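Containing compact mmCIF, C-alpha atoms and all ligand atoms: my_file-v4.txt.
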```txt
# COMPACT_ATOMS: atom_id res chain seq x y z
CA MET A 1 107.70 1.34 47.95
CA SER A 2 104.60 -0.49 49.11
CA SER A 3 102.53 0.90 51.96
CA LYS A 4 103.68 0.43 55.50
CA PHE A 5 101.76 0.22 58.76
CA ILE A 6 103.19 2.24 61.65
CA LEU A 7 102.03 1.89 65.24
CA ALA A 8 102.79 4.80 67.58
CA ILE A 9 102.55 5.21 71.33
CA GLU A 10 102.60 8.47 73.29
CA THR A 11 102.52 8.79 77.09
CA SER A 12 104.84 11.74 77.78
CA CYS A 13 102.35 13.82 79.75
CA ASP A 14 98.63 13.51 80.49
CA GLU A 15 97.28 11.94 77.32
CA THR A 16 97.55 8.22 76.69
CA ALA A 17 97.62 7.85 72.92
CA VAL A 18 97.95 5.03 70.40
CA ALA A 19 97.70 5.45 66.64
CA VAL A 20 97.99 3.37 63.50
CA LEU A 21 99.04 5.08 60.32
CA ARG A 22 99.45 3.78 56.80
CA SER A 23 102.25 5.43 54.92
CA ASN A 24 101.82 5.25 51.17
CA GLU A 25 104.09 6.47 48.39
CA ASP A 26 103.29 10.15 48.96
CA SER A 27 100.58 10.32 51.60
CA LEU A 28 100.04 9.50 55.23
CA GLU A 29 96.71 8.01 56.17
CA VAL A 30 95.62 7.88 59.80
CA LEU A 31 93.76 4.58 60.27
CA SER A 32 93.17 5.12 63.98
CA ASN A 33 94.10 7.89 66.41
CA GLN A 34 93.08 6.88 69.94
CA ILE A 35 93.49 9.37 72.77
CA SER A 36 92.48 9.02 76.37
CA SER A 37 92.76 12.38 78.10
CA GLN A 38 93.37 12.72 81.83
CA VAL A 39 92.57 16.43 81.91
CA SER A 40 89.64 16.11 84.30
CA LEU A 41 91.72 14.00 86.70
CA HIS A 42 94.55 16.54 86.93
CA ALA A 43 92.28 19.61 86.86
CA GLN A 44 91.59 19.30 90.59
CA TRP A 45 95.35 19.69 91.22
CA GLY A 46 95.74 22.60 88.81
CA GLY A 47 98.42 20.75 86.83
CA VAL A 48 99.68 17.31 85.88
CA VAL A 49 100.69 15.01 88.78
CA PRO A 50 103.36 12.67 87.30
CA ASN A 51 102.58 9.52 89.31
CA LEU A 52 98.84 9.88 88.79
CA ALA A 53 99.49 10.29 85.08
CA ALA A 54 101.60 7.11 85.03
CA ARG A 55 98.90 5.15 86.84
CA GLU A 56 96.30 6.23 84.29
CA HIS A 57 98.61 5.36 81.39
CA VAL A 58 99.05 1.84 82.82
CA LYS A 59 95.27 1.48 83.06
CA ASN A 60 94.52 2.83 79.59
CA ILE A 61 97.28 1.78 77.28
CA ALA A 62 96.40 -1.86 76.54
CA PRO A 63 92.68 -1.16 75.88
CA LEU A 64 93.70 1.75 73.63
CA LEU A 65 96.03 -0.51 71.64
CA ASP A 66 93.15 -2.95 71.19
CA LYS A 67 90.86 -0.18 69.97
CA ALA A 68 93.47 1.26 67.61
CA LEU A 69 94.24 -2.09 65.97
CA SER A 70 90.60 -3.01 65.61
CA GLU A 71 89.69 0.38 64.14
CA ALA A 72 92.64 0.11 61.75
CA LYS A 73 91.49 -3.44 60.97
CA ILE A 74 94.97 -4.94 61.20
CA PRO A 75 96.49 -7.40 63.67
CA LEU A 76 99.74 -6.50 65.44
CA SER A 77 101.51 -9.04 63.22
CA GLN A 78 100.85 -6.80 60.20
CA VAL A 79 102.45 -3.72 61.76
CA ASP A 80 105.78 -2.91 60.08
CA LEU A 81 107.22 -0.45 62.58
CA ILE A 82 106.56 0.48 66.21
CA SER A 83 107.42 3.95 67.53
CA ALA A 84 107.12 5.50 70.96
CA VAL A 85 107.81 8.93 72.43
CA ASN A 86 110.93 8.47 74.56
CA GLY A 87 111.20 12.09 75.71
CA PRO A 88 111.08 14.79 76.78
CA GLY A 89 108.33 14.52 79.36
CA LEU A 90 107.48 13.26 82.82
CA ILE A 91 109.64 10.22 83.49
CA PRO A 92 107.01 8.05 85.26
CA ALA A 93 104.65 8.75 82.36
CA LEU A 94 107.24 8.16 79.62
CA LEU A 95 108.33 4.87 81.16
CA VAL A 96 104.87 3.38 80.75
CA GLY A 97 104.69 4.00 77.01
CA VAL A 98 108.32 3.14 76.31
CA ASN A 99 108.18 -0.15 78.22
CA PHE A 100 104.83 -1.08 76.70
CA ALA A 101 106.28 -0.45 73.23
CA LYS A 102 109.41 -2.48 74.07
CA THR A 103 107.31 -5.42 75.18
CA LEU A 104 105.19 -5.28 72.02
CA ALA A 105 108.27 -5.00 69.80
CA TYR A 106 109.87 -7.98 71.54
CA LEU A 107 106.80 -10.20 71.38
CA ALA A 108 105.83 -9.30 67.83
CA GLU A 109 109.45 -9.13 66.59
CA LYS A 110 109.09 -5.66 65.12
CA PRO A 111 111.56 -2.80 64.77
CA LEU A 112 111.14 -0.09 67.39
CA ILE A 113 112.26 3.55 67.26
CA GLY A 114 112.01 6.42 69.73
CA ILE A 115 110.55 9.76 68.69
CA HIS A 116 111.11 13.16 70.30
CA HIS A 117 107.80 14.62 71.43
CA ILE A 118 108.39 17.96 69.68
CA GLU A 119 109.46 16.20 66.48
CA GLY A 120 106.01 14.62 66.60
CA HIS A 121 104.31 18.01 66.96
CA ILE A 122 106.27 19.31 63.96
CA TYR A 123 105.33 16.30 61.83
CA ALA A 124 101.63 16.73 62.65
CA ASN A 125 101.85 19.22 59.79
CA TYR A 126 102.30 16.36 57.32
CA ILE A 127 99.04 14.64 58.24
CA ASN A 128 95.74 15.44 56.51
CA SER A 129 97.56 17.71 54.14
CA ALA A 130 95.62 16.95 51.00
CA GLU A 131 97.96 15.64 48.40
CA LYS A 132 96.24 17.60 45.67
CA SER A 133 98.51 18.74 42.92
CA THR A 134 97.24 22.29 43.44
CA GLU A 135 98.39 22.40 47.04
CA ARG A 136 101.87 23.73 47.75
CA LYS A 137 104.06 21.21 49.49
CA ILE A 138 106.19 21.98 52.52
CA GLU A 139 109.57 23.09 51.20
CA PHE A 140 112.80 23.52 53.10
CA PRO A 141 114.25 25.50 54.68
CA ALA A 142 111.29 25.60 57.03
CA LEU A 143 110.96 27.74 60.12
CA VAL A 144 108.85 26.20 62.87
CA LEU A 145 107.27 28.09 65.74
CA VAL A 146 106.94 25.43 68.43
CA VAL A 147 104.51 26.45 71.16
CA SER A 148 103.43 23.91 73.76
CA GLY A 149 103.07 23.53 77.51
CA GLY A 150 106.76 22.74 77.92
CA HIS A 151 108.41 24.36 74.88
CA THR A 152 108.57 27.65 73.04
CA GLN A 153 111.16 27.55 70.30
CA LEU A 154 111.92 28.79 66.83
CA VAL A 155 113.36 25.84 64.96
CA LEU A 156 115.04 26.11 61.58
CA MET A 157 114.87 22.95 59.45
CA LYS A 158 117.15 22.81 56.41
CA ASP A 159 115.78 19.37 55.61
CA HIS A 160 113.70 16.60 57.14
CA LEU A 161 114.77 15.80 60.72
CA GLN A 162 117.43 18.54 60.81
CA TYR A 163 116.82 20.97 63.59
CA GLU A 164 118.59 24.15 64.59
CA ILE A 165 117.08 26.01 67.52
CA VAL A 166 117.47 29.68 66.61
CA GLY A 167 115.38 31.09 69.45
CA GLN A 168 113.67 29.89 72.59
CA THR A 169 112.07 30.96 75.83
CA LEU A 170 114.41 31.91 78.61
CA ASP A 171 111.87 30.94 81.27
CA ASP A 172 108.23 29.80 80.94
CA ALA A 173 106.80 28.24 77.78
CA ALA A 174 103.88 29.99 76.08
CA GLY A 175 101.38 27.28 77.07
CA GLU A 176 102.67 27.33 80.62
CA ALA A 177 101.98 31.09 80.71
CA PHE A 178 98.40 30.51 79.52
CA ASP A 179 97.99 27.87 82.24
CA LYS A 180 99.45 30.07 84.98
CA VAL A 181 97.36 33.08 83.99
CA ALA A 182 94.25 30.90 84.03
CA ARG A 183 95.18 29.76 87.50
CA ILE A 184 95.64 33.36 88.71
CA LEU A 185 92.23 34.20 87.27
CA GLY A 186 90.65 31.03 88.71
CA ILE A 187 89.25 29.90 85.36
CA GLY A 188 90.45 26.31 85.30
CA TYR A 189 92.97 23.94 83.77
CA PRO A 190 94.25 23.65 81.09
CA GLY A 191 94.43 27.40 80.77
CA GLY A 192 94.90 27.82 77.03
CA PRO A 193 91.35 27.09 75.87
CA ALA A 194 89.85 28.86 78.95
CA VAL A 195 91.82 32.06 78.29
CA ALA A 196 91.26 31.93 74.51
CA GLN A 197 87.52 31.53 74.88
CA ARG A 198 87.21 34.57 77.20
CA ALA A 199 89.54 36.65 75.05
CA ALA A 200 87.37 35.93 72.01
CA ALA A 201 84.20 36.90 73.89
CA TYR A 202 85.80 40.18 74.99
CA GLU A 203 86.95 40.87 71.43
CA SER A 204 83.45 40.41 70.05
CA GLY A 205 82.15 42.79 72.77
CA ILE A 206 84.68 45.39 71.61
CA ARG A 207 83.54 44.90 68.02
CA ASP A 208 79.86 45.36 68.97
CA GLN A 209 80.32 48.31 71.32
CA GLY A 210 83.35 50.04 69.85
CA SER A 211 85.45 49.59 72.99
CA GLY A 212 85.85 47.33 76.03
CA ARG A 213 84.88 48.27 79.58
CA PHE A 214 88.44 47.87 80.81
CA ASP A 215 91.50 49.55 79.40
CA LEU A 216 94.40 47.29 80.38
CA THR A 217 97.93 47.28 79.08
CA LEU A 218 100.35 44.44 79.71
CA PRO A 219 103.99 44.37 78.58
CA ARG A 220 105.26 42.63 75.42
CA PRO A 221 108.39 41.03 76.95
CA MET A 222 111.46 40.91 74.71
CA MET A 223 109.47 41.90 71.64
CA LYS A 224 112.09 44.44 70.68
CA SER A 225 115.14 42.45 71.78
CA LYS A 226 117.73 41.84 69.06
CA ASP A 227 117.77 38.06 69.51
CA LEU A 228 115.05 35.52 68.73
CA ASN A 229 114.37 34.51 72.32
CA PHE A 230 111.20 34.83 74.37
CA SER A 231 110.28 35.39 78.00
CA PHE A 232 106.83 34.76 79.41
CA SER A 233 107.33 34.66 83.14
CA GLY A 234 107.33 38.49 83.46
CA LEU A 235 104.07 38.64 81.53
CA LYS A 236 102.46 36.20 83.95
CA THR A 237 103.78 38.30 86.88
CA ALA A 238 102.36 41.45 85.25
CA VAL A 239 98.97 39.70 85.19
CA LEU A 240 99.37 38.85 88.87
CA TYR A 241 100.14 42.51 89.76
CA GLU A 242 97.25 43.72 87.62
CA THR A 243 94.80 41.47 89.48
CA LYS A 244 96.20 42.48 92.87
CA LYS A 245 95.39 46.14 92.23
CA ASN A 246 91.75 45.47 92.87
CA PRO A 247 91.05 41.86 93.96
CA ASN A 248 87.29 42.54 93.97
CA LEU A 249 87.40 42.79 90.21
CA LEU A 250 88.18 39.07 90.07
CA LYS A 251 84.48 38.51 90.68
CA ASP A 252 83.70 40.41 87.50
CA GLU A 253 83.57 38.05 84.49
CA ASP A 254 84.01 40.97 82.13
CA TYR A 255 87.23 42.03 83.88
CA ILE A 256 88.57 38.47 83.71
CA ALA A 257 87.79 38.40 80.01
CA ALA A 258 89.59 41.75 79.56
CA VAL A 259 92.72 40.36 81.25
CA CYS A 260 92.56 37.22 79.08
CA HIS A 261 92.18 39.39 75.99
CA GLU A 262 95.17 41.61 76.75
CA PHE A 263 97.33 38.69 77.91
CA GLN A 264 96.59 36.72 74.75
CA ASN A 265 97.25 39.80 72.59
CA SER A 266 100.58 40.27 74.28
CA ALA A 267 101.63 36.62 73.90
CA VAL A 268 100.51 36.54 70.24
CA ASP A 269 102.20 39.88 69.47
CA VAL A 270 105.52 38.58 70.76
CA LEU A 271 105.24 35.14 69.09
CA VAL A 272 104.26 36.62 65.72
CA SER A 273 106.84 39.38 65.81
CA LYS A 274 109.75 37.06 66.66
CA THR A 275 108.67 34.54 64.02
CA ILE A 276 108.64 37.24 61.34
CA LYS A 277 112.00 38.55 62.57
CA ALA A 278 113.47 35.02 62.29
CA ALA A 279 111.92 34.57 58.83
CA LYS A 280 113.49 37.82 57.62
CA GLU A 281 116.83 36.56 58.86
CA PHE A 282 116.68 32.97 57.54
CA HIS A 283 114.41 33.32 54.46
CA PRO A 284 112.49 30.04 54.88
CA ASN A 285 110.26 28.72 52.10
CA THR A 286 107.75 27.51 54.70
CA VAL A 287 106.64 28.63 58.15
CA LEU A 288 105.10 25.90 60.29
CA LEU A 289 103.23 26.12 63.56
CA ALA A 290 103.44 23.24 66.07
CA GLY A 291 102.44 22.28 69.63
CA GLY A 292 99.38 22.57 71.86
CA VAL A 293 99.20 26.38 71.68
CA SER A 294 98.92 26.13 67.89
CA ALA A 295 95.22 25.43 68.58
CA ASN A 296 94.91 29.13 69.45
CA THR A 297 92.76 30.79 66.79
CA GLU A 298 94.19 34.26 67.38
CA LEU A 299 97.74 32.96 66.91
CA ARG A 300 96.83 30.92 63.81
CA THR A 301 95.11 33.92 62.23
CA ARG A 302 97.52 36.67 63.20
CA LEU A 303 100.62 34.70 62.17
CA GLY A 304 98.98 34.03 58.80
CA GLU A 305 98.19 37.72 58.34
CA ALA A 306 101.73 38.78 59.26
CA ILE A 307 103.20 36.25 56.81
CA SER A 308 100.97 37.54 54.00
CA GLU A 309 101.99 41.11 54.80
CA PHE A 310 105.73 40.78 55.43
CA ILE A 311 106.92 37.58 53.70
CA PRO A 312 104.17 36.96 51.14
CA ASN A 313 105.92 34.24 49.13
CA THR A 314 106.36 32.01 52.14
CA LEU A 315 104.05 29.01 52.52
CA TYR A 316 102.24 29.00 55.88
CA LYS A 317 101.25 25.59 57.23
CA ILE A 318 99.37 24.84 60.43
CA PRO A 319 98.33 21.48 61.86
CA ASP A 320 94.76 20.32 61.64
CA THR A 321 93.01 21.41 64.86
CA SER A 322 92.37 17.75 65.71
CA LEU A 323 96.16 17.22 65.85
CA THR A 324 97.44 20.26 67.77
CA GLY A 325 97.30 18.62 71.21
CA ASP A 326 99.27 15.54 72.21
CA ASN A 327 98.39 12.54 70.04
CA ALA A 328 100.09 9.48 68.60
CA ALA A 329 99.25 10.06 64.93
CA MET A 330 101.85 12.85 64.86
CA ILE A 331 104.38 10.44 66.39
CA ALA A 332 103.67 7.89 63.66
CA SER A 333 104.12 10.62 61.05
CA ALA A 334 107.56 11.52 62.46
CA ALA A 335 108.41 7.80 62.62
CA HIS A 336 107.58 7.48 58.91
CA PHE A 337 110.08 10.23 58.00
CA ARG A 338 112.73 8.83 60.37
CA TRP A 339 112.40 5.34 58.93
CA GLN A 340 112.73 6.68 55.38
CA LYS A 341 116.00 8.39 56.25
CA MET A 342 117.53 5.50 58.19
CA THR A 343 120.44 3.52 56.76
CA ASP A 344 120.30 -0.27 56.57
CA ALA A 345 122.57 -0.46 59.61
CA GLU A 346 120.24 1.82 61.59
CA LYS A 347 117.24 -0.26 60.55
CA GLU A 348 119.09 -3.36 61.72
CA LYS A 349 119.64 -1.68 65.11
CA ALA A 350 115.94 -0.82 65.32
CA LYS A 351 115.22 -4.55 65.25
CA VAL A 352 116.65 -4.71 68.77
CA GLY A 353 114.98 -1.46 69.81
CA TRP A 354 113.07 -3.56 72.36
CA LYS A 355 116.41 -4.00 74.13
CA THR A 356 117.93 -0.54 73.73
CA LEU A 357 115.25 2.15 73.72
CA GLN A 358 115.40 4.38 76.79
CA ALA A 359 113.10 7.04 78.15
CA ASP A 360 114.82 10.38 78.74
CA ALA A 361 112.94 13.18 80.51
CA ASN A 362 115.29 15.79 79.03
CA LEU A 363 115.74 14.37 75.54
CA LYS A 364 117.11 16.99 73.11
CA LEU A 365 115.76 17.62 69.62
CA ARG A 366 118.39 16.54 67.10
O1 LIG B 1 101.46 20.19 73.16
P1 LIG B 1 100.59 20.13 74.36
O2 LIG B 1 99.25 19.47 74.22
O3 LIG B 1 101.37 19.45 75.54
C1 LIG B 1 102.73 19.70 75.73
O4 LIG B 1 103.53 19.14 74.93
O5 LIG B 1 103.03 20.52 76.59
O6 LIG B 1 100.39 21.61 74.85
C2 LIG B 1 99.62 21.88 75.96
C3 LIG B 1 99.52 23.37 76.13
C4 LIG B 1 98.85 23.75 77.43
O7 LIG B 1 99.65 24.69 78.10
C5 LIG B 1 97.53 24.35 76.98
O8 LIG B 1 97.03 25.34 77.84
C6 LIG B 1 97.91 24.92 75.64
O9 LIG B 1 98.76 23.96 75.07
N1 LIG B 1 96.74 25.16 74.78
C7 LIG B 1 96.39 26.38 74.32
C8 LIG B 1 95.19 26.20 73.59
N2 LIG B 1 94.87 24.88 73.62
C9 LIG B 1 95.85 24.26 74.34
N3 LIG B 1 96.95 27.59 74.50
C10 LIG B 1 96.35 28.64 73.94
N4 LIG B 1 95.20 28.56 73.25
C11 LIG B 1 94.59 27.37 73.03
N5 LIG B 1 93.45 27.30 72.33
ZN ZN B 2 102.88 18.28 73.32
```
Could I get this file's structure written as structure tokens?
Amino acid sequence: MSSKFILAIETSCDETAVAVLRSNEDSLEVLSNQISSQVSLHAQWGGVVPNLAAREHVKNIAPLLDKALSEAKIPLSQVDLISAVNGPGLIPALLVGVNFAKTLAYLAEKPLIGIHHIEGHIYANYINSAEKSTERKIEFPALVLVVSGGHTQLVLMKDHLQYEIVGQTLDDAAGEAFDKVARILGIGYPGGPAVAQRAAAYESGIRDQGSGRFDLTLPRPMMKSKDLNFSFSGLKTAVLYETKKNPNLLKDEDYIAAVCHEFQNSAVDVLVSKTIKAAKEFHPNTVLLAGGVSANTELRTRLGEAISEFIPNTLYKIPDTSLTGDNAAMIASAAHFRWQKMTDAEKEKAKVGWKTLQADANLKLR
């Protein structure tokens, strides 16, 4: 098979993203990965405002396409396949990307396929993985811990594009919990990096001084439950109660860092323990991490340590830190694997994707 150029568009939340990827025989090469983040715009509201997000996507998407194609040094006419995230996400935001992609596909007469946002996060693991013969390749079955702002799931993959959700959160997603805790502590949006940074500072203080100034204990919700599900809303509430005990302490940076540290430890404990439990049950050859929270250093490290200790023959694969957040390169990667698995009839249908593709805020992974 000769190489193929894939254009991908992602507008499901607050990042406008366009990427061009070249898929070769056995490697994926990102030629351009353009992202325009709206974080600072939404920060003043403490979360993403759907209509504001859509307005920004409309403003940014065409210039980003221009940049992506010129960095990739190919005209639109040379693109072989167009892909766009068609869900799940905020509907006003999704509609911008999906309709932009439909227009491009129509005008340039290209096949168009929709990609599930989480499928994209999972397939971020296939980018930048050096194709050296010494490196172990991802083998199925694979168990994926998906941790983002909207999802927390344990997904079992028996093969490419085959997903069985074996565990999931019953309430808040892990990233959502980081964001809500950050809001309680008044340390900004998005919460994940803000909490992680303070937790790390507190940890290094403990290492230097032998102990921290504050001795806090938060619960580890559902860690011992028999199933593979999660719950993070009680943990967030426990943080709220903790901070209400003595509101004056919220002026103390060291106290805030101590809460971040204990909250992050709790979230990581639960995520790691349930992933290992699932691995012992399903015996995967690979464990993958996916989603925005996979940027978390503590989670990346502790999951790796637990895998080495409890399931040492299992390959552990994490996405490059440049690809943990929302981006379009991961969407192009998923599109590559989808296209490879499609029948001729399905490829024929993709040719009229410009007519049929629909955004779906609640799209299911399947
Ligand atoms: O995948 P993502 O970029 O968007 C969604 O699909 O939701 O994930 C965003 C989430 C946010 O909740 C953000 O706070 C969290 O990922 N996040 C982190 C870190 N970086 C981003 N959470 C913990 N630690 C981080 N370093
Ligand atoms: Zn995401």
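Counting all atoms listed in the file, the residue from A:Ala199, A:Ala84, A:Leu288, A:Ile331 that sits nearest to ligand ZN 2 (chain B) is A:Ile331.
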Exercise. How would you write, as a VMD selection string, the set of residues no farther than 9 Å from ligand ZN 2 (chain B) when counting all atoms listed in the file?
Worked result: chain A and resid 12 to 13 89 117 to 118 120 to 121 147 to 151 290 to 292 324 to 327
For this session: Write out as a PyMOL selection string each polymer residue whose atoms come within 8 Å of A:Pro50, counting all atoms listed in the file; drop sequence neighbours fewer than 5 positions from it.
Result: chain A and resi 13+90-93
Problem set entry | atom CA of A:Val48 to atom CA of A:Gly175, straight-line distance in Å | 13.4 Å
For this session: Would you list the contacts of A:Lys226 as a list in words, taking every protein, DNA or RNA residue within 12 Å and counting only C-alpha atoms, but skipping same-chain residues closer than 5 positions in sequence?
Result: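 The residues satisfying every condition are Gly167, Ser273, Lys274, Lys277, Ala278 and Glu281 of chain A.
The spacing separating atom CA of A:Phe232 from atom CA of A:Phe282 amounts to 24.1 Å.
With all atoms listed in the file as the basis for measurement, A:Phe263 is the residue among A:Tyr241, A:Phe263, A:Phe100, A:Phe230 that approaches ligand LIG 1 (chain B) most closely.
Proximity ranking of A:Asp80, A:Asp254, A:Asp320, A:Asp227 relative to A:Ile206 places A:Asp254 first, based on all atoms listed in the file.
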Exercise. Taking only C-alpha atoms and all ligand atoms into account, which of A:Asp159, A:Glu15, A:Glu348, A:Asp171 comes nearest ligand LIG 1 (chain B)?
Worked result: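 Ranked by minimum distance to ligand LIG 1 (chain B), first place goes to A:Glu15.
We find atom N5 of ligand LIG 1 (chain B) and atom CA of A:Trp45 to be spaced 20.5 Å apart.
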Problem set entry | Distance query A:Leu31 at most 9 Å, all atoms listed in the file, self and fewer than 4 positions along chain excluded, as JSON, numbers by chain | {"A": [19, 20, 21, 22, 68, 69, 71, 72, 73]}
Problem set entry | 8 Å contact set for stretch 313-315 of chain A, all atoms listed in the file, chain neighbours under 4 positions out, as JSON, numbers by chain | {"A": [136, 138, 284, 285, 286, 287, 307, 308]}
Exercise. Which one is closest to A:Ala8: A:Asn24, A:Gln209, A:Asn33, A:Asn265? Count all atoms listed in the file.
Worked result: A:Asn33
Could you extract stretch 199-207 of chain A of the given structure into a file holding all heavy atoms, as a PDB file, in the first residue's frame?
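Now in decode.pdb:
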```
ATOM      1  N   ALA A 199       0.290  19.368  43.917  1.00  0.00           N
ATOM      2  CA  ALA A 199       0.522  18.062  44.550  1.00  0.00           C
ATOM      3  C   ALA A 199       2.002  17.688  44.471  1.00  0.00           C
ATOM      4  O   ALA A 199       2.577  17.194  45.437  1.00  0.00           O
ATOM      5  CB  ALA A 199      -0.334  16.997  43.861  1.00  0.00           C
ATOM      6  N   ALA A 200       2.607  17.984  43.316  1.00  0.00           N
ATOM      7  CA  ALA A 200       4.028  17.646  43.140  1.00  0.00           C
ATOM      8  C   ALA A 200       4.892  18.493  44.071  1.00  0.00           C
ATOM      9  O   ALA A 200       5.865  17.998  44.664  1.00  0.00           O
ATOM     10  CB  ALA A 200       4.439  17.855  41.686  1.00  0.00           C
ATOM     11  N   ALA A 201       4.532  19.772  44.230  1.00  0.00           N
ATOM     12  CA  ALA A 201       5.309  20.649  45.115  1.00  0.00           C
ATOM     13  C   ALA A 201       5.205  20.152  46.556  1.00  0.00           C
ATOM     14  O   ALA A 201       6.202  20.117  47.290  1.00  0.00           O
ATOM     15  CB  ALA A 201       4.803  22.082  45.012  1.00  0.00           C
ATOM     16  N   TYR A 202       4.001  19.732  46.955  1.00  0.00           N
ATOM     17  CA  TYR A 202       3.814  19.234  48.322  1.00  0.00           C
ATOM     18  C   TYR A 202       4.616  17.955  48.532  1.00  0.00           C
ATOM     19  O   TYR A 202       5.250  17.769  49.564  1.00  0.00           O
ATOM     20  CB  TYR A 202       2.327  18.979  48.595  1.00  0.00           C
ATOM     21  CG  TYR A 202       1.998  18.886  50.073  1.00  0.00           C
ATOM     22  CD1 TYR A 202       1.964  20.029  50.867  1.00  0.00           C
ATOM     23  CD2 TYR A 202       1.746  17.655  50.674  1.00  0.00           C
ATOM     24  CE1 TYR A 202       1.692  19.954  52.218  1.00  0.00           C
ATOM     25  CE2 TYR A 202       1.456  17.566  52.022  1.00  0.00           C
ATOM     26  CZ  TYR A 202       1.419  18.718  52.794  1.00  0.00           C
ATOM     27  OH  TYR A 202       1.146  18.639  54.136  1.00  0.00           O
ATOM     28  N   GLU A 203       4.603  17.101  47.522  1.00  0.00           N
ATOM     29  CA  GLU A 203       5.346  15.833  47.595  1.00  0.00           C
ATOM     30  C   GLU A 203       6.846  16.095  47.763  1.00  0.00           C
ATOM     31  O   GLU A 203       7.514  15.452  48.572  1.00  0.00           O
ATOM     32  CB  GLU A 203       5.071  15.026  46.314  1.00  0.00           C
ATOM     33  CG  GLU A 203       5.799  13.716  46.192  1.00  0.00           C
ATOM     34  CD  GLU A 203       5.285  12.640  47.144  1.00  0.00           C
ATOM     35  OE1 GLU A 203       4.080  12.642  47.448  1.00  0.00           O
ATOM     36  OE2 GLU A 203       6.111  11.817  47.589  1.00  0.00           O
ATOM     37  N   SER A 204       7.364  17.083  47.043  1.00  0.00           N
ATOM     38  CA  SER A 204       8.811  17.316  47.177  1.00  0.00           C
ATOM     39  C   SER A 204       9.123  17.924  48.546  1.00  0.00           C
ATOM     40  O   SER A 204      10.186  17.666  49.107  1.00  0.00           O
ATOM     41  CB  SER A 204       9.381  18.126  46.015  1.00  0.00           C
ATOM     42  OG  SER A 204       8.911  19.428  46.066  1.00  0.00           O
ATOM     43  N   GLY A 205       8.155  18.683  49.121  1.00  0.00           N
ATOM     44  CA  GLY A 205       8.325  19.184  50.490  1.00  0.00           C
ATOM     45  C   GLY A 205       8.393  18.034  51.477  1.00  0.00           C
ATOM     46  O   GLY A 205       9.219  18.026  52.397  1.00  0.00           O
ATOM     47  N   ILE A 206       7.518  17.040  51.279  1.00  0.00           N
ATOM     48  CA  ILE A 206       7.514  15.869  52.172  1.00  0.00           C
ATOM     49  C   ILE A 206       8.861  15.147  52.073  1.00  0.00           C
ATOM     50  O   ILE A 206       9.440  14.742  53.075  1.00  0.00           O
ATOM     51  CB  ILE A 206       6.363  14.889  51.796  1.00  0.00           C
ATOM     52  CG1 ILE A 206       4.999  15.533  52.065  1.00  0.00           C
ATOM     53  CG2 ILE A 206       6.486  13.572  52.551  1.00  0.00           C
ATOM     54  CD1 ILE A 206       3.801  14.673  51.682  1.00  0.00           C
ATOM     55  N   ARG A 207       9.357  15.045  50.836  1.00  0.00           N
ATOM     56  CA  ARG A 207      10.632  14.335  50.652  1.00  0.00           C
ATOM     57  C   ARG A 207      11.767  15.074  51.361  1.00  0.00           C
ATOM     58  O   ARG A 207      12.597  14.466  52.022  1.00  0.00           O
ATOM     59  CB  ARG A 207      10.932  14.188  49.159  1.00  0.00           C
ATOM     60  CG  ARG A 207      10.795  12.733  48.719  1.00  0.00           C
ATOM     61  CD  ARG A 207      11.175  12.540  47.273  1.00  0.00           C
ATOM     62  NE  ARG A 207      10.016  12.658  46.397  1.00  0.00           N
ATOM     63  CZ  ARG A 207       9.919  13.496  45.377  1.00  0.00           C
ATOM     64  NH1 ARG A 207      10.901  14.319  45.091  1.00  0.00           N
ATOM     65  NH2 ARG A 207       8.833  13.520  44.649  1.00  0.00           N
TER      66      ARG A 207
END
```
